[in-house]
Each structure stands twice: as structure tokens, then as C-alpha cells.
file data14.csv (CSV, C-alpha atoms)
chain,number,residue,atom,x,y,z
S,1,MET,CA,24.3,7.6,0.7
S,2,ILE,CA,21.5,7.4,3.2
S,3,ASN,CA,18.5,9.7,2.6
S,4,THR,CA,16.5,10.7,5.7
S,5,LEU,CA,13.0,12.1,6.2
S,6,HIS,CA,11.5,13.1,9.5
S,7,ILE,CA,7.7,13.3,9.8
S,8,LYS,CA,5.2,14.0,12.6
S,9,ASN,CA,2.6,11.4,13.6
S,10,GLU,CA,-0.2,12.8,11.5
S,11,LEU,CA,-1.8,11.0,8.5
S,12,GLU,CA,-1.5,14.2,6.4
S,13,GLN,CA,2.3,13.8,6.6
S,14,LEU,CA,2.1,10.7,4.3
S,15,THR,CA,2.1,13.2,1.5
S,16,ARG,CA,5.6,14.2,2.4
S,17,LEU,CA,6.5,10.5,2.6
S,18,TYR,CA,5.2,9.9,-0.9
S,19,GLU,CA,7.2,12.9,-2.2
S,20,PHE,CA,10.4,11.6,-0.5
S,21,LEU,CA,9.9,8.2,-2.0
S,22,ASP,CA,9.2,9.4,-5.5
S,23,LEU,CA,12.2,11.7,-5.4
S,24,HIS,CA,14.7,9.0,-4.4
S,25,THR,CA,13.3,6.0,-6.2
S,26,SER,CA,13.5,7.9,-9.5
S,27,ALA,CA,17.0,9.0,-8.6
S,28,TYR,CA,17.9,5.4,-7.9
S,29,GLY,CA,16.4,4.5,-11.3
S,30,LEU,CA,14.0,1.9,-10.0
S,31,GLU,CA,11.3,0.7,-12.3
S,32,GLU,CA,7.7,1.6,-11.8
S,33,GLN,CA,6.4,-1.8,-10.5
S,34,LEU,CA,9.2,-1.9,-7.9
S,35,THR,CA,8.5,1.7,-6.8
S,36,MET,CA,4.8,0.8,-6.3
S,37,GLN,CA,5.7,-2.2,-4.2
S,38,ILE,CA,8.1,-0.2,-2.0
S,39,LYS,CA,5.5,2.6,-1.7
S,40,LEU,CA,3.0,0.1,-0.5
S,41,ALA,CA,5.2,-1.5,2.1
S,42,LEU,CA,6.3,1.9,3.4
S,43,GLU,CA,2.8,3.3,3.5
S,44,GLU,CA,1.5,0.3,5.5
S,45,VAL,CA,4.3,0.5,8.1
S,46,VAL,CA,4.3,4.2,8.5
S,47,THR,CA,0.5,4.4,8.7
S,48,ASN,CA,0.6,1.9,11.5
S,49,VAL,CA,3.3,4.0,13.4
S,50,ILE,CA,1.3,7.2,12.9
S,51,LEU,CA,-1.9,5.6,14.2
S,52,TYR,CA,-0.6,3.6,17.1
S,53,ALA,CA,2.9,4.4,18.3
S,54,TYR,CA,2.0,7.6,20.2
S,55,PRO,CA,-1.5,7.3,21.6
S,56,ASN,CA,-2.9,10.7,22.5
S,57,LYS,CA,0.3,12.5,21.8
S,58,LYS,CA,0.8,15.0,18.9
S,59,ASP,CA,3.9,16.4,17.2
S,60,GLN,CA,5.9,13.2,17.7
S,61,ASP,CA,8.8,12.2,15.4
S,62,ILE,CA,9.0,9.3,13.0
S,63,ARG,CA,12.2,8.9,11.1
S,64,ILE,CA,12.6,7.2,7.7
S,65,ASP,CA,16.1,6.3,6.4
S,66,MET,CA,16.5,4.9,2.9
S,67,ASN,CA,19.6,3.6,1.2
S,68,TYR,CA,20.3,1.9,-2.1
S,69,GLY,CA,23.4,0.0,-3.0
S,70,ASN,CA,24.7,-3.4,-4.0
S,71,LYS,CA,21.4,-4.2,-5.7
S,72,GLN,CA,19.5,-3.8,-2.4
S,73,LEU,CA,17.2,-1.1,-1.2
S,74,ALA,CA,17.1,-0.7,2.6
S,75,ILE,CA,14.5,1.3,4.5
S,76,VAL,CA,14.6,1.8,8.3
S,77,ILE,CA,11.6,3.3,10.1
S,78,THR,CA,12.3,4.5,13.7
S,79,ASP,CA,10.0,5.9,16.4
S,80,LYS,CA,10.2,6.5,20.1
S,81,GLY,CA,6.7,5.3,20.8
S,82,THR,CA,5.0,2.4,22.6
S,83,PRO,CA,7.0,-0.9,22.1
S,84,PHE,CA,5.3,-2.7,19.3
S,85,ASN,CA,6.5,-5.4,17.0
S,86,PRO,CA,4.2,-5.5,13.9
S,87,LEU,CA,5.7,-8.7,12.7
S,88,GLU,CA,4.1,-10.5,15.7
S,89,MET,CA,0.6,-9.6,14.5
S,90,LYS,CA,-1.4,-12.6,13.6
S,91,GLU,CA,-1.3,-13.3,9.9
S,92,PRO,CA,-4.7,-13.0,8.1
S,93,ASP,CA,-6.2,-16.1,6.6
S,94,ILE,CA,-6.3,-15.0,2.9
S,95,THR,CA,-8.5,-18.0,2.0
S,96,LEU,CA,-11.5,-16.7,3.9
S,97,PRO,CA,-14.6,-15.6,2.1
S,98,PRO,CA,-15.4,-11.8,2.3
S,99,GLU,CA,-18.1,-12.3,5.0
S,100,GLU,CA,-15.5,-13.7,7.4
S,101,ARG,CA,-12.7,-11.3,6.5
S,102,PRO,CA,-11.5,-9.1,9.4
S,103,ILE,CA,-10.9,-5.5,8.5
S,104,GLY,CA,-7.3,-5.3,9.6
S,105,GLY,CA,-4.1,-7.3,9.4
S,106,LEU,CA,-3.6,-7.1,5.7
S,107,GLY,CA,-1.1,-4.2,5.7
S,108,ILE,CA,1.7,-6.0,7.5
S,109,TYR,CA,1.0,-9.2,5.5
S,110,LEU,CA,1.5,-7.2,2.3
S,111,VAL,CA,4.7,-5.8,3.6
S,112,LYS,CA,6.1,-9.3,4.3
S,113,GLN,CA,5.1,-10.5,0.9
S,114,LEU,CA,6.4,-7.6,-1.0
S,115,MET,CA,9.8,-7.0,0.7
S,116,THR,CA,12.7,-9.5,0.7
S,117,GLU,CA,13.3,-9.2,4.5
S,118,VAL,CA,11.6,-7.4,7.4
S,119,THR,CA,13.1,-7.3,10.9
S,120,TYR,CA,12.1,-5.5,14.1
S,121,SER,CA,14.2,-4.5,17.1
S,122,ARG,CA,13.6,-2.4,20.2
S,123,SER,CA,16.7,-0.5,21.3
S,124,SER,CA,17.2,2.6,23.5
S,125,GLY,CA,13.5,3.2,23.8
S,126,LYS,CA,13.0,3.1,20.0
S,127,ASN,CA,11.0,0.8,17.7
S,128,ILE,CA,13.2,0.1,14.7
S,129,LEU,CA,11.7,-1.7,11.7
S,130,THR,CA,14.1,-2.5,8.9
S,131,MET,CA,12.9,-3.6,5.4
S,132,THR,CA,15.1,-4.7,2.5
S,133,LYS,CA,14.3,-5.4,-1.1
S,134,ASP,CA,16.7,-7.1,-3.4
S,135,ILE,CA,16.7,-5.5,-6.8
S,136,HIS,CA,17.6,-7.7,-9.7
H,1,MET,CA,-6.9,10.9,-7.1
H,2,LYS,CA,-10.0,11.5,-9.2
H,3,ILE,CA,-13.3,9.6,-8.6
H,4,THR,CA,-16.1,9.7,-11.2
H,5,VAL,CA,-19.4,8.0,-10.6
H,6,LYS,CA,-21.8,7.5,-13.5
H,7,ASN,CA,-25.3,6.3,-12.8
H,8,GLY,CA,-27.4,4.3,-15.3
H,9,ASN,CA,-28.3,0.6,-15.6
H,10,GLU,CA,-25.0,0.0,-13.9
H,11,THR,CA,-23.3,2.4,-11.6
H,12,ILE,CA,-19.8,2.9,-13.0
H,13,ILE,CA,-17.0,4.1,-10.8
H,14,ASN,CA,-13.8,5.4,-12.5
H,15,LEU,CA,-10.8,5.7,-10.2
H,16,SER,CA,-7.9,7.6,-11.6
H,17,GLY,CA,-4.6,7.8,-9.7
H,18,GLN,CA,-3.6,6.3,-6.4
H,19,LEU,CA,-6.0,4.7,-3.8
H,20,ASP,CA,-3.9,5.1,-0.6
H,21,THR,CA,-4.5,5.9,3.0
H,22,LEU,CA,-5.3,9.5,2.3
H,23,THR,CA,-7.4,9.2,-0.8
H,24,SER,CA,-9.4,6.3,0.6
H,25,ALA,CA,-11.4,8.7,2.8
H,26,ASP,CA,-13.0,10.3,-0.3
H,27,PHE,CA,-13.7,7.0,-1.9
H,28,GLU,CA,-15.3,5.7,1.3
H,29,LYS,CA,-17.8,8.7,1.2
H,30,GLU,CA,-18.7,7.7,-2.4
H,31,ILE,CA,-19.2,4.1,-1.4
H,32,THR,CA,-21.5,5.0,1.5
H,33,LYS,CA,-23.6,7.0,-0.9
H,34,ILE,CA,-23.7,4.3,-3.5
H,35,LEU,CA,-24.7,1.6,-1.0
H,36,ALA,CA,-27.5,3.8,0.4
H,37,GLU,CA,-29.0,4.1,-3.1
H,38,ASP,CA,-31.2,1.6,-5.0
H,39,VAL,CA,-28.3,0.2,-7.0
H,40,HIS,CA,-28.1,-3.3,-8.4
H,41,THR,CA,-24.9,-3.4,-10.3
H,42,VAL,CA,-21.6,-1.5,-9.5
H,43,VAL,CA,-18.7,-1.6,-11.8
H,44,LEU,CA,-15.3,-0.3,-10.9
H,45,ASP,CA,-13.2,0.7,-13.9
H,46,GLY,CA,-9.5,0.6,-13.0
H,47,THR,CA,-8.1,1.7,-16.4
H,48,GLU,CA,-6.4,4.7,-14.7
H,49,LEU,CA,-5.9,3.2,-11.2
H,50,THR,CA,-2.2,2.9,-10.6
H,51,TYR,CA,-1.9,2.0,-7.0
H,52,ILE,CA,-3.8,0.4,-4.1
H,53,SER,CA,-2.9,0.0,-0.4
H,54,SER,CA,-4.7,-2.0,2.3
H,55,ALA,CA,-6.9,1.1,3.0
H,56,GLY,CA,-8.2,0.7,-0.6
H,57,LEU,CA,-8.5,-3.0,-0.3
H,58,ARG,CA,-10.6,-2.6,2.8
H,59,LEU,CA,-13.1,-0.5,0.7
H,60,LEU,CA,-13.2,-3.1,-2.1
H,61,LEU,CA,-14.3,-5.5,0.7
H,62,THR,CA,-16.9,-3.0,1.9
H,63,LEU,CA,-18.3,-2.7,-1.6
H,64,GLN,CA,-18.3,-6.4,-2.2
H,65,LYS,CA,-20.1,-7.2,1.1
H,66,GLY,CA,-22.5,-4.2,0.7
H,67,MET,CA,-23.6,-5.2,-2.8
H,68,LYS,CA,-23.9,-8.8,-1.8
H,69,ALA,CA,-26.1,-7.8,1.1
H,70,LYS,CA,-28.4,-6.0,-1.4
H,71,ASN,CA,-28.4,-9.1,-3.7
H,72,GLY,CA,-26.6,-6.9,-6.2
H,73,THR,CA,-23.3,-7.4,-8.0
H,74,PHE,CA,-20.0,-5.7,-7.9
H,75,ARG,CA,-17.4,-6.2,-10.7
H,76,LEU,CA,-14.0,-4.8,-11.4
H,77,ARG,CA,-12.8,-4.3,-14.9
H,78,ASN,CA,-9.7,-3.0,-16.9
H,79,LEU,CA,-7.4,-3.4,-13.9
H,80,GLN,CA,-3.7,-2.9,-14.4
H,81,GLN,CA,-1.5,-5.9,-13.8
H,82,ASP,CA,0.2,-4.4,-10.7
H,83,ILE,CA,-3.2,-4.0,-9.1
H,84,ILE,CA,-4.2,-7.6,-10.0
H,85,ASP,CA,-0.9,-8.8,-8.5
H,86,ILE,CA,-1.9,-7.2,-5.1
H,87,LEU,CA,-5.4,-8.7,-5.3
H,88,ASN,CA,-3.8,-12.1,-5.9
H,89,ILE,CA,-1.3,-11.8,-3.1
H,90,THR,CA,-4.0,-10.9,-0.6
H,91,GLY,CA,-6.5,-13.6,-1.8
H,92,PHE,CA,-9.0,-10.9,-2.8
H,93,SER,CA,-9.1,-12.2,-6.4
H,94,SER,CA,-10.7,-15.3,-5.1
H,95,PHE,CA,-14.0,-13.5,-4.1
H,96,LEU,CA,-14.0,-10.4,-6.3
H,97,THR,CA,-15.3,-10.6,-9.9
H,98,ILE,CA,-12.5,-9.3,-12.1
H,99,GLU,CA,-13.1,-8.9,-15.8
H,100,SER,CA,-10.2,-8.4,-18.2

call {"tool": "encode", "arguments": {"input": "data14.csv", "output": "C-alpha cells"}}
result
Amino acid sequence: MINTLHIKNELEQLTRLYEFLDLHTSAYGLEEQLTMQIKLALEEVVTNVILYAYPNKKDQDIRIDMNYGNKQLAIVITDKGTPFNPLEMKEPDITLPPEERPIGGLGIYLVKQLMTEVTYSRSSGKNILTMTKDIH
Amino acid sequence: MKITVKNGNETIINLSGQLDTLTSADFEKEITKILAEDVHTVVLDGTELTYISSAGLRLLLTLQKGMKAKNGTFRLRNLQQDIIDILNITGFSSFLTIES
């Protein structure tokens, strides 16, 4: 079964995302560490969408679909905003000392590290980011 | 999330709960205050810190840089393994001082 949440492009709406995630990951019986990793990946992606997909527009829709089956969790984040593929962002150099560390870029890097697979597509005017995590 | 700051020889910050995009704003205000004071040693106690996202990591970087600029020290202690894992993945553990 697919569970769906719609939120608006406001940071305060992350609270609803966390509630949605807590509700369903506990229903799926996922362990705490896994839940934390998934929350992290979802927070990073959705925060990016909230901040950048709809410049100067309020009350815009972001859709999150989540499905668990066959030992795999799949999450799809869809928006109708500016075309943007976060996976094309330059990867941060994680060996740099603190003085040379840029402020951004870490979020998407974490998503790629924590999830099994992350893919992006642009279709019918929508950004569609799909993340999967294999559950052993 | 609950933030407690105790001043003494060392400034000890206790973070309890989840340091995410939303709660980071409160923590950032505390950090700004701490860095503006005459403080030499800051210790972040993570006994009750259960989650950190990139917004929180960014603030650890701010603290690290800010304390170094003052010739002070910043240490983290009692971190949970899940948090240490994130610091390892991002390479933050290579420049932060993490006590067990």
C-alpha cells in the first residue's frame, strides 16, 4: 500500500513530514537506526524542494509517496517547480579541513550515502525524485 | 528539542532530542550568543541527542570554526553511535574532537 502526504512549500510543514514518517515507519516495524537514516534523507530532499523549487511562490504542493514491500522501502518526492536535478550537484570534498568547508552540499551527499538508490526524472512538468532503501 | 547551556570553566551545551532543519534555528541563536562571549572551552554533551541533519552539521562547523578563531576549543562528548556514524560519513569526525 502506498501512503501519501501532501505538504505546502513552507519549512514549518516539515513537522507534518516527521509525523507522517514516524507513523508509517513504526507501522512497517522498521528499527530505530533505519528510521533515523530515512528521516535524514527525506528531510534533506524535502527541505531543498521547499527552499528552491518554487521561488517567490507560496502555497505550492509537494507530494510524498511512501511504500514498503519485498524488503524495500521506496519514497517518491514530486513537485511542479523549477526543473532541478539535485543529483547533479557537485559532491562535497569530505576530506577538506573545516576552514575550507563550504556551507552547502552536504545534504544531498548524505542522501546518496544513506539510501540504496536515488534517481531523478523530469516528466509532465514535474520533478520526481525516487529513493529506495533495501531493508535486510 | 531542548537546549541547556551551563557556564563555568567550560561552557557545556546539552542537546536533548532532534537537531533538524526546524530546531537548528534555536541552536543557532545559542551559538551566536556563546561565540560573542569570552568563552575558551565549549563542550557539547550529546547523551540525549538522537538525530542530526545537515542543518545541524552546519552549526557544528560554525562552532568549530568560531572557537578556533578565538583560540579556544570545542569538544563533543557522549555522542550516540548513530550520530557518530553521520559524522564519519560526512568526514566531520576528522576535524571535530569527539570524546567517548

call {"tool": "closest_atom_pairs", "arguments": {"input": "data14.csv", "of": "chain H", "to": "chain S", "cutoff": "8 Å", "atoms": "all atoms listed in the file", "output": "JSON lines"}}
result
{"residue": "H:Thr21", "atom": "CA", "partner": "S:Thr47", "partner_atom": "CA", "distance": 7.7}
{"residue": "H:Leu22", "atom": "CA", "partner": "S:Leu11", "partner_atom": "CA", "distance": 7.3}
{"residue": "H:Tyr51", "atom": "CA", "partner": "S:Met36", "partner_atom": "CA", "distance": 6.8}
{"residue": "H:Ile52", "atom": "CA", "partner": "S:Leu40", "partner_atom": "CA", "distance": 7.7}
{"residue": "H:Ser53", "atom": "CA", "partner": "S:Leu40", "partner_atom": "CA", "distance": 5.9}
{"residue": "H:Ser54", "atom": "CA", "partner": "S:Gly107", "partner_atom": "CA", "distance": 5.4}
{"residue": "H:Arg58", "atom": "CA", "partner": "S:Ile103", "partner_atom": "CA", "distance": 6.4}
{"residue": "H:Leu61", "atom": "CA", "partner": "S:Pro98", "partner_atom": "CA", "distance": 6.6}
{"residue": "H:Gln64", "atom": "CA", "partner": "S:Pro98", "partner_atom": "CA", "distance": 7.6}
{"residue": "H:Lys65", "atom": "CA", "partner": "S:Pro98", "partner_atom": "CA", "distance": 6.7}
{"residue": "H:Asp82", "atom": "CA", "partner": "S:Gln33", "partner_atom": "CA", "distance": 6.7}
{"residue": "H:Ile89", "atom": "CA", "partner": "S:Leu110", "partner_atom": "CA", "distance": 7.6}
{"residue": "H:Thr90", "atom": "CA", "partner": "S:Ile94", "partner_atom": "CA", "distance": 5.9}
{"residue": "H:Gly91", "atom": "CA", "partner": "S:Ile94", "partner_atom": "CA", "distance": 4.9}
{"residue": "H:Phe92", "atom": "CA", "partner": "S:Ile94", "partner_atom": "CA", "distance": 7.5}
{"residue": "H:Ser94", "atom": "CA", "partner": "S:Thr95", "partner_atom": "CA", "distance": 7.9}
{"residue": "H:Phe95", "atom": "CA", "partner": "S:Pro97", "partner_atom": "CA", "distance": 6.6}

call {"tool": "residues_around", "arguments": {"input": "data14.csv", "residues": "Asn3 (chain S)", "least_positions_apart": "3", "cutoff": "12 Å", "atoms": "only C-alpha atoms", "output": "list in words"}}
result
His6, Phe20, Leu21, Leu23, His24, Thr25, Ala27, Tyr28, Arg63, Ile64, Asp65, Met66, Asn67, Tyr68, Leu73, Ala74, Ile75 and Val76 of chain S

call {"tool": "residues_around", "arguments": {"input": "data14.csv", "residues": "Glu10 (chain S)", "least_positions_apart": "3", "cutoff": "12 Å", "atoms": "only C-alpha atoms", "output": "list in words"}}
result
His6, Ile7, Gln13, Leu14, Thr15, Arg16, Leu17, Val46, Thr47, Asn48, Val49, Ile50, Leu51, Tyr52, Ala53, Tyr54, Pro55, Asn56, Lys57, Lys58, Asp59, Gln60, Asp61 and Ile62 of chain S; Thr21 and Leu22 of chain H

call {"tool": "closest_residue", "arguments": {"input": "data14.csv", "among": "H:Thr73, H:Ile3, H:Leu19, H:Thr50", "to": "Asp85 (chain H)", "atoms": "all atoms listed in the file"}}
result
H:Thr50

call {"tool": "residues_around", "arguments": {"input": "data14.csv", "residues": "Thr97 (chain H)", "least_positions_apart": "4", "cutoff": "9 Å", "atoms": "all atoms listed in the file", "output": "VMD selection string"}}
result
chain H and resid 73 to 77 93

call {"tool": "atom_distance", "arguments": {"input": "data14.csv", "atom1": "CA of Ile12 (chain H)", "atom2": "CA of Leu44 (chain H)"}}
result
5.9 Å

call {"tool": "closest_residue", "arguments": {"input": "data14.csv", "among": "H:Val5, H:Ala36, H:Gly56, H:Lys68", "to": "Gln18 (chain H)", "atoms": "only C-alpha atoms"}}
result
H:Gly56

call {"tool": "residues_around", "arguments": {"input": "data14.csv", "residues": "Val39 (chain H)", "least_positions_apart": "4", "cutoff": "9 Å", "atoms": "only C-alpha atoms", "output": "PyMOL selection string"}}
result
chain H and resi 7+9-11+34-35+67+70+72

call {"tool": "atom_distance", "arguments": {"input": "data14.csv", "atom1": "CA of Lys2 (chain H)", "atom2": "CA of Ser24 (chain H)"}}
result
11.1 Å

call {"tool": "closest_residue", "arguments": {"input": "data14.csv", "among": "S:Lys80, S:His136, S:Lys71, S:Lys90", "to": "Ser123 (chain S)", "atoms": "only C-alpha atoms"}}
result
S:Lys80

call {"tool": "atom_distance", "arguments": {"input": "data14.csv", "atom1": "CA of Leu57 (chain H)", "atom2": "CA of Leu87 (chain S)"}}
result
20.1 Å

call {"tool": "residues_near_point", "arguments": {"input": "data14.csv", "point": "(7.0, 4.8, 21.7)", "cutoff": "8 Å", "atoms": "all atoms listed in the file", "output": "list in words"}}
result
Ala53, Tyr54, Asp79, Lys80, Gly81, Thr82, Pro83, Gly125, Lys126 and Asn127 of chain S

call {"tool": "closest_residue", "arguments": {"input": "data14.csv", "among": "H:Leu79, H:Ala55, H:Met1, H:Leu96", "to": "Glu28 (chain H)", "atoms": "only C-alpha atoms"}}
result
H:Ala55

call {"tool": "closest_residue", "arguments": {"input": "data14.csv", "among": "S:Thr119, S:Ile128, S:Val111, S:Thr78", "to": "Asn9 (chain S)", "atoms": "all atoms listed in the file"}}
result
S:Thr78
